[in-house]
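Chemist: Below: one structure in structure tokens.
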Amino acid sequence: MLKTHHFALFLLVLCFTVSCKTEKKEEFHAHSELEKRYQKLLDYPLDSLAFPRSYSHESKQIKKVLSKDWTSGFFAGNLWQIYELTGNEAFKERAQKWTVFIEKEKFNDRTHDMGFKVFNSFGQGLKFEDNQAYKDVIVKSAQTLSSRFNEKIGSIRSWDFNRDKWQFPVIIDNMMNLELLFEATIISGDSTYYKIAVTHANTTLKNHFRPNGSTWHVLDYDTIAHQPRLKVTHQGVADNSSWARGQGWAIYGYTMAYRYTKDEKYLNRAKATAAFFLNHKNLPEDGIPYWDFDAPNIPNESRDLSAGAIVASALIELYRYTTDETYINYSKKFLKNVQTADYILSSDIDIPFILDHSFGDWSKRSEMNEPIVYGDYYFLEALLRLNALEN
């Protein structure tokens, strides 16, 4: 009787073991998980005073900003891009409503971030409708941005703060705002905006880059001699470090400048900085960079998905101009590796963001390794660009 009991117990344990071994782990389906995340953006309540910027895992709070914040245009831009990806009219309708909230920024002459705010919202909308009101906002915004251009220095002033330290600061991020100026000339026929964009790109090309292809973050110009007086960082780990997102702005900015001008020196600049980025010994194998290539505790440093997304999007365009497989291979690898459970936010997290592990501002010790709206924006743009290339 005892032997029978032992045999029955043995069979029960065996069955349980076999069951555990044969039970399949639930598969992760990136497409369906992304669709769940897209719905979170659609459901986020409209509020002209509360543009979602990032989310803190620690405090469990969404950081919300006013339209004057440099990130405000990305959320509407994300909705426009999701509409393009899905064809769901609900996203278009929502994008239109969020876009309108940005319009007053066309008068804001206290910032260089006009492209980030206005073109990433109104400019995205123009892809889907020939909207004269949108065009008028873009041209007025370009006019306002132009007021920050110093002809003798040959650049658009980036920031107005830290006046005790800087005279005329220009950051590499400012290259991204030139798209608004190029488009304003196309819309209006006024070449003034084009000329300012080209002059700024040329000045940045001359002064902002190191011999190894990398870029400084901030150049401060002397307002009397009109020459660089400081080459420093504001968001990188050190003045001479290579802040990952800054390298992304440079690659993207000069690839975009080549699109409008067909000037080979812009193409060469994008290729040189792309080579620095792609060949750096501290770029992880999966293509998702650390927030700064010279951060002191690599490999125990936060990644910056947003920097990788900016580069992935830019390199798809750069591939179109060069047919260099290195570029498209990086972009495909990046997109594959972020469409995983490690980076796509779980569907039970009720926030209006898609991806995790972007990195914000080291100088303020804020938004480090969190979901950030611009990480989503350039991820979506990279998806759309790859789709367009393959279809």
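By convention in this document, the chains of the structure tokens carry letters A, B, ... by their order, each chain's residues are numbered from 1, and ligands are numbered from 1 in the order they are shown.
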Each residue of segment 84-138 of chain A with at least one atom at most 10 Å from segment 163-174 of chain A should appear once, together with its nearest atom pair and the corresponding distance in Å (one decimal); atoms considered: only C-alpha atoms; ordering: chain, then increasing residue number; output as a Markdown table.
Modeler:
| residue | atom | partner | partner_atom | distance |
| --- | --- | --- | --- | --- |
| A:His112 | CA | A:Asn174 | CA | 6.9 |
| A:Asp113 | CA | A:Asn174 | CA | 7.3 |
| A:Met114 | CA | A:Asn174 | CA | 9.5 |
| A:Gly115 | CA | A:Asn174 | CA | 8.8 |
| A:Phe116 | CA | A:Asn174 | CA | 9.5 |
Chemist: Measuring atom to atom with only C-alpha atoms, identify which of A:Pro352, A:Gly246, A:Pro228, A:Gly236 is nearest to Leu34 of chain A.
Modeler: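 Among the listed residues, A:Pro352 lies closest to Leu34 of chain A.
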Chemist: Report as JSON, numbers by chain all protein, DNA and RNA residues lying within 7 Å of Val118 of chain A, evaluated on only C-alpha atoms, omitting residues in the same chain fewer than 6 positions from it.
Modeler: {"A": [73, 102, 138]}
Chemist: Restrict the selected residues to C-alpha atoms and save them as a tab-separated table (two decimals), in the first residue's frame.
Modeler:
chain	number	residue	atom	x	y	z
A	73	GLY	CA	4.77	70.34	-29.70
A	102	ILE	CA	0.41	75.65	-29.57
A	138	ILE	CA	4.54	78.47	-39.51
Chemist: Separation of atom CA of Asp239 of chain A and atom CA of Asn212 of chain A, in Å?
Modeler: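 Interatomic distance, atom CA of Asp239 of chain A to atom CA of Asn212 of chain A: 15.2 Å.
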Chemist: Could you check the closest approach to Asn329 of chain A for each of A:Tyr260, A:Leu267, A:Tyr44, A:Gly287 and tell me which residue wins, using only C-alpha atoms?
Modeler: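 Smallest separation from Asn329 of chain A among the options: A:Gly287.
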Chemist: Provide the atom CA of Phe101 of chain A to atom CA of Lys63 of chain A distance in Å, to one decimal place.
Modeler: 17.5 Å
Chemist: Within 9 Å of segment 144-158 of chain A, counting only C-alpha atoms, which residues show up once you throw out same-chain ones fewer than 2 positions away? Write them as an NGL selection string, please.
Modeler: :A and (106-115 or 139-142 or 160 or 168-171 or 173-174 or 177 or 181 or 192-193 or 196-197 or 199-204 or 221-223 or 225-227)
Chemist: Which of these, A:Pro296, A:Pro289, A:Pro211, A:Gly248, has the shortest distance to Tyr378 of chain A once you count only C-alpha atoms?
Modeler: A:Gly248
Chemist: Write out as a PyMOL selection string the residues lying within 8 Å of Thr340 of chain A, counting only C-alpha atoms and excluding same-chain residues fewer than 3 positions away.
Modeler: chain A and resi 28+30+336-337+343-344
Chemist: Any chance you can output those residues with N, CA, C and O atoms as an mmCIF file, in the first residue's frame?
Modeler:
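Wrote part05.cif, looks like this:
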data_model
loop_
_atom_site.group_PDB
_atom_site.id
_atom_site.type_symbol
_atom_site.label_atom_id
_atom_site.label_comp_id
_atom_site.auth_asym_id
_atom_site.auth_seq_id
_atom_site.Cartn_x
_atom_site.Cartn_y
_atom_site.Cartn_z
ATOM 1 N N PHE A 28 5.480 38.007 -26.448
ATOM 2 C CA PHE A 28 5.343 39.457 -26.490
ATOM 3 C C PHE A 28 5.120 39.875 -27.935
ATOM 4 O O PHE A 28 5.958 39.608 -28.803
ATOM 5 N N ALA A 30 4.888 42.929 -30.177
ATOM 6 C CA ALA A 30 5.187 44.358 -30.162
ATOM 7 C C ALA A 30 4.068 45.187 -30.786
ATOM 8 O O ALA A 30 3.685 46.231 -30.256
ATOM 9 N N LYS A 336 14.286 47.312 -33.874
ATOM 10 C CA LYS A 336 14.001 45.951 -33.416
ATOM 11 C C LYS A 336 14.227 45.824 -31.915
ATOM 12 O O LYS A 336 13.405 45.241 -31.194
ATOM 13 N N ASN A 337 15.314 46.388 -31.425
ATOM 14 C CA ASN A 337 15.685 46.198 -30.027
ATOM 15 C C ASN A 337 14.865 47.022 -29.048
ATOM 16 O O ASN A 337 14.803 46.688 -27.862
ATOM 17 N N TYR A 343 11.465 47.992 -23.330
ATOM 18 C CA TYR A 343 11.338 49.401 -23.692
ATOM 19 C C TYR A 343 9.895 49.856 -23.907
ATOM 20 O O TYR A 343 9.559 51.002 -23.598
ATOM 21 N N ILE A 344 9.029 49.011 -24.454
ATOM 22 C CA ILE A 344 7.621 49.404 -24.600
ATOM 23 C C ILE A 344 6.960 49.321 -23.229
ATOM 24 O O ILE A 344 7.025 48.292 -22.556
#
Chemist: Using only C-alpha atoms, which protein or nucleic acid residues come within 9 Å of Glu103 of chain A? Drop anything in the same chain fewer than 4 positions from it, and give the result as JSON, numbers by chain.
Modeler: {"A": [67, 99, 107, 118, 122, 134, 137]}
Chemist: Please dump the current selection as an mmCIF file, in the first residue's frame; keep N, CA, C and O atoms.
Modeler:
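The new file selection-v6.cif reads:
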data_model
loop_
_atom_site.group_PDB
_atom_site.id
_atom_site.type_symbol
_atom_site.label_atom_id
_atom_site.label_comp_id
_atom_site.auth_asym_id
_atom_site.auth_seq_id
_atom_site.Cartn_x
_atom_site.Cartn_y
_atom_site.Cartn_z
ATOM 1 N N SER A 67 2.649 75.570 -22.992
ATOM 2 C CA SER A 67 3.033 75.557 -24.405
ATOM 3 C C SER A 67 4.392 76.205 -24.638
ATOM 4 O O SER A 67 5.049 75.909 -25.641
ATOM 5 N N THR A 99 -2.933 70.522 -31.386
ATOM 6 C CA THR A 99 -2.127 71.430 -32.203
ATOM 7 C C THR A 99 -2.555 72.875 -32.012
ATOM 8 O O THR A 99 -1.711 73.780 -31.890
ATOM 9 N N PHE A 107 4.244 83.874 -31.404
ATOM 10 C CA PHE A 107 4.664 85.214 -30.981
ATOM 11 C C PHE A 107 5.787 85.182 -29.947
ATOM 12 O O PHE A 107 6.280 86.240 -29.548
ATOM 13 N N VAL A 118 6.414 74.365 -32.911
ATOM 14 C CA VAL A 118 5.454 74.678 -33.976
ATOM 15 C C VAL A 118 5.542 73.725 -35.155
ATOM 16 O O VAL A 118 4.514 73.237 -35.643
ATOM 17 N N PHE A 122 2.184 71.802 -36.058
ATOM 18 C CA PHE A 122 1.534 72.336 -37.266
ATOM 19 C C PHE A 122 2.152 71.758 -38.530
ATOM 20 O O PHE A 122 1.453 71.488 -39.509
ATOM 21 N N TYR A 134 -2.578 76.734 -40.815
ATOM 22 C CA TYR A 134 -1.336 76.104 -40.354
ATOM 23 C C TYR A 134 -0.125 76.762 -41.013
ATOM 24 O O TYR A 134 0.904 77.012 -40.369
ATOM 25 N N VAL A 137 0.665 80.098 -39.433
ATOM 26 C CA VAL A 137 1.325 79.946 -38.127
ATOM 27 C C VAL A 137 2.808 79.671 -38.319
ATOM 28 O O VAL A 137 3.660 80.238 -37.615
#
Chemist: Select, from A:Ala388, A:Tyr55, A:Leu383, A:Gln124, the residue with the minimum atom-to-atom distance to Phe359 of chain A, counting only C-alpha atoms.
Modeler: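 Ranked by minimum distance to Phe359 of chain A, first place goes to A:Tyr55.
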Chemist: Quick one: which segment 234-253 of chain A residues come within 8 Å of segment 361-375 of chain A, and what is the nearest atom pair for each with the distance in Å to one decimal, counting only C-alpha atoms, rows ordered by chain and ascending number, as JSON lines?
Modeler:
{"residue": "A:His234", "atom": "CA", "partner": "A:Ser363", "partner_atom": "CA", "distance": 6.2}
{"residue": "A:Gln235", "atom": "CA", "partner": "A:Trp362", "partner_atom": "CA", "distance": 5.2}
{"residue": "A:Gly236", "atom": "CA", "partner": "A:Trp362", "partner_atom": "CA", "distance": 6.5}
{"residue": "A:Val237", "atom": "CA", "partner": "A:Trp362", "partner_atom": "CA", "distance": 7.1}
Chemist: Go ahead and save the picked residues with N, CA, C and O atoms, as a short mmCIF file (atom, residue, chain, number, x, y, z; two decimals), in the first residue's frame.
Modeler:
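result25.cif written:
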data_model
loop_
_atom_site.label_atom_id
_atom_site.label_comp_id
_atom_site.auth_asym_id
_atom_site.auth_seq_id
_atom_site.Cartn_x
_atom_site.Cartn_y
_atom_site.Cartn_z
N HIS A 234 25.96 71.92 -21.26
CA HIS A 234 24.94 72.24 -20.27
C HIS A 234 24.23 70.98 -19.80
O HIS A 234 23.78 70.89 -18.67
N GLN A 235 24.14 69.99 -20.67
CA GLN A 235 23.43 68.77 -20.33
C GLN A 235 24.31 67.51 -20.37
O GLN A 235 23.90 66.46 -19.91
N GLY A 236 25.51 67.62 -20.93
CA GLY A 236 26.42 66.50 -20.93
C GLY A 236 27.13 66.37 -19.59
O GLY A 236 26.99 67.20 -18.70
N VAL A 237 27.95 65.33 -19.45
CA VAL A 237 28.63 65.08 -18.18
C VAL A 237 29.80 66.03 -17.97
O VAL A 237 30.18 66.34 -16.84
#
